[in-house]
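Data block below; observations after.
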Amino acid sequence: MDLLQTTTLAAQTIVTPLLVATYTATARLTVLINVSVSGAAGAGVYRACVTRQRAGVGAIYQSPTSAAGLAATVTTLWLPSLSLAVNSGDVVKVYAQGLAADVAVGVVTEIFDVTPPVAADITAAIAAILCNVWACGSRTLTMSLAAVKSMLLGSKLELWRGDTLAQTITGLGDLSLVDDLWFTVKKQNLNDLDATSEIQISLTGGLLAIAGATATTPANGSIVINLPATQGSITVNLAAVEMAKLDIDFTGYWDIQKLTGVVVQTITRGNASVLGDVTRRII
């Protein structure tokens, strides 16, 4: 929740409805509005409401009133929050009203952004958190961004038969000390030998397997660690002549595994499918 605006007024008369804040939206948001009153006379009901004018022109729409009762011995109150959805350019005005004796009160109006996050925002937030973690000298979190994202949103890789593959995969953690990396795609049986993978490419060995058999041209596949290696980004490359050998319309699995010294770690995985290309002039 981000604070968008604070309006502070002193020595105000709120015997009748008083305009205590004006806010012009700069994006599509859901906003929450808090109105606090100090120096109140008390012993009565205090009210607040908002109006919204779309894009700042035309009709003005008023919200239901927010009300709170105040005892005679109490001089401060916080009115129940008001919330509404706005579009960029909408003008929102906030009004407060007290009692006949409220001729010199203080009013503070706070407007917060409470827009629910979308998937992209979640991913960006996770990335920011994990980037900070990976930069630390000591850490306990070792799950990569791609692995976290896979659990939250799913991770599906779609491959086109016969197309040159140049797939960038990010969020894999610090890769500066790895001794080897493997990108592997298999059909449904995860117990299949690596030598019978649909695709297996190694950082150090190139293309190892294609279409269920041992590859004959290792140079046709490669894994490149994108710089800086600490950012955990790679590009998987595979020549079109090799991609043309793949079976189409199957759904399987893919993962990336790394070797650092004697430590083997699968750092991300997901579902994979091979789609049939319609144009086959180059095969």
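Just so we're on the same page: first chain in the structure tokens is A, next is B, and so on; residues restart at 1 for each chain, and ligands are numbered from 1 in the order they show up.
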
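Within 9 Å of range 156-163 of chain A there are Ser150, Leu238, Ala239, Ala240, Val241, Glu242, Met243, Ala244, Lys245, Leu246, Asp247, Ile248, Tyr253, Trp254, Arg269, Gly270, Asn271, Ala272, Ser273, Val274, Leu275, Gly276, Asp277, Arg280, Ile282 and Ile283 of chain A, counting only C-alpha atoms and ignoring same-chain residues fewer than 4 positions away.
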
Among range 189-262 of chain A, which residues carry a DSSP assignment of strand (DSSP E), reported as a PDB file with C-alpha atoms, in the first residue's frame?
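Once everything was written out, this is states_4.pdb:
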ATOM      1  CA  ILE A 199      16.482 -32.264 -26.401  1.00  0.00           C
ATOM      2  CA  GLN A 200      19.538 -32.150 -24.164  1.00  0.00           C
ATOM      3  CA  ILE A 201      22.111 -29.402 -24.430  1.00  0.00           C
ATOM      4  CA  SER A 202      25.143 -28.923 -22.193  1.00  0.00           C
ATOM      5  CA  GLY A 206      26.852 -28.655 -26.769  1.00  0.00           C
ATOM      6  CA  LEU A 207      24.004 -30.722 -28.212  1.00  0.00           C
ATOM      7  CA  LEU A 208      23.998 -34.164 -26.564  1.00  0.00           C
ATOM      8  CA  ALA A 209      20.611 -35.628 -27.578  1.00  0.00           C
ATOM      9  CA  ILE A 210      17.874 -34.812 -30.076  1.00  0.00           C
ATOM     10  CA  ALA A 213      18.721 -40.276 -29.887  1.00  0.00           C
ATOM     11  CA  THR A 214      22.347 -39.259 -29.390  1.00  0.00           C
ATOM     12  CA  GLY A 221      23.277 -26.644 -29.837  1.00  0.00           C
ATOM     13  CA  SER A 222      24.687 -24.412 -27.130  1.00  0.00           C
ATOM     14  CA  ILE A 223      24.011 -22.700 -23.816  1.00  0.00           C
ATOM     15  CA  VAL A 224      25.337 -19.165 -23.353  1.00  0.00           C
ATOM     16  CA  ILE A 225      25.511 -17.542 -19.919  1.00  0.00           C
ATOM     17  CA  ILE A 234      21.091 -17.849 -20.133  1.00  0.00           C
ATOM     18  CA  THR A 235      20.244 -18.291 -23.807  1.00  0.00           C
ATOM     19  CA  VAL A 236      19.597 -21.802 -25.142  1.00  0.00           C
ATOM     20  CA  ASN A 237      20.376 -22.148 -28.866  1.00  0.00           C
ATOM     21  CA  LEU A 238      19.441 -24.995 -31.210  1.00  0.00           C
ATOM     22  CA  THR A 251       3.451 -32.405 -23.945  1.00  0.00           C
ATOM     23  CA  GLY A 252       6.374 -33.182 -21.675  1.00  0.00           C
ATOM     24  CA  TYR A 253       8.710 -31.530 -19.229  1.00  0.00           C
ATOM     25  CA  TRP A 254      11.863 -29.405 -19.244  1.00  0.00           C
ATOM     26  CA  ASP A 255      14.372 -28.389 -16.649  1.00  0.00           C
ATOM     27  CA  ILE A 256      17.751 -26.770 -16.146  1.00  0.00           C
ATOM     28  CA  GLN A 257      20.272 -28.472 -13.912  1.00  0.00           C
ATOM     29  CA  LYS A 258      23.620 -27.067 -12.813  1.00  0.00           C
ATOM     30  CA  LEU A 259      26.837 -28.539 -11.495  1.00  0.00           C
ATOM     31  CA  THR A 260      29.001 -26.518  -9.115  1.00  0.00           C
TER      32      THR A 260
END

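Proximity ranking of A:Val74, A:Leu18, A:Val91, A:Leu181 relative to Gly58 in chain A places A:Val91 first, based on only C-alpha atoms.
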
Find the residue from A:Ala229, A:Val178, A:Val114, A:Ala211 that sits nearest to Asp194 in chain A; use only C-alpha atoms when measuring.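 Closest to Asp194 in chain A, using only C-alpha atoms: A:Ala211.
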
Rank A:Ala166, A:Leu227, A:Ala21, A:Ala43 by their smallest atom-to-atom distance to Leu9 in chain A, using only C-alpha atoms, and report the top residue only.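 Nearest candidate to Leu9 in chain A out of A:Ala166, A:Leu227, A:Ala21, A:Ala43: A:Ala21.
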
Just give me the gap between CA of Pro17 in chain A and CA of Tyr95 in chain A in Å, one decimal is fine.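 If I compute the distance from CA of Pro17 in chain A to CA of Tyr95 in chain A, I get 5.8 Å.
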
Closest to Thr184 in chain A among A:Ala11, A:Thr115, A:Thr266, A:Tyr46, using only C-alpha atoms?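 Distance minimum relative to Thr184 in chain A lands on A:Thr266.
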
Minimum-distance residue to Leu29 in chain A, chosen among A:Thr13, A:Ser66, A:Asn87, A:Thr75 (using only C-alpha atoms):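 Ranking A:Thr13, A:Ser66, A:Asn87, A:Thr75 by distance to Leu29 in chain A, first place goes to A:Asn87.
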
As an exercise, work out the distance from CA of Thr6 in chain A to CA of Ile111 in chain A in Å and give it to one decimal place. 6.5 Å

Which is closer to Ile33 in chain A than all the others in A:Ser197, A:Thr109, A:Thr8, A:Thr216, using only C-alpha atoms?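 Of A:Ser197, A:Thr109, A:Thr8, A:Thr216, the one nearest Ile33 in chain A, counting only C-alpha atoms, is A:Thr109.
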
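Interatomic distance, CA of Ala72 in chain A against CA of Gly42 in chain A: 4.6 Å.
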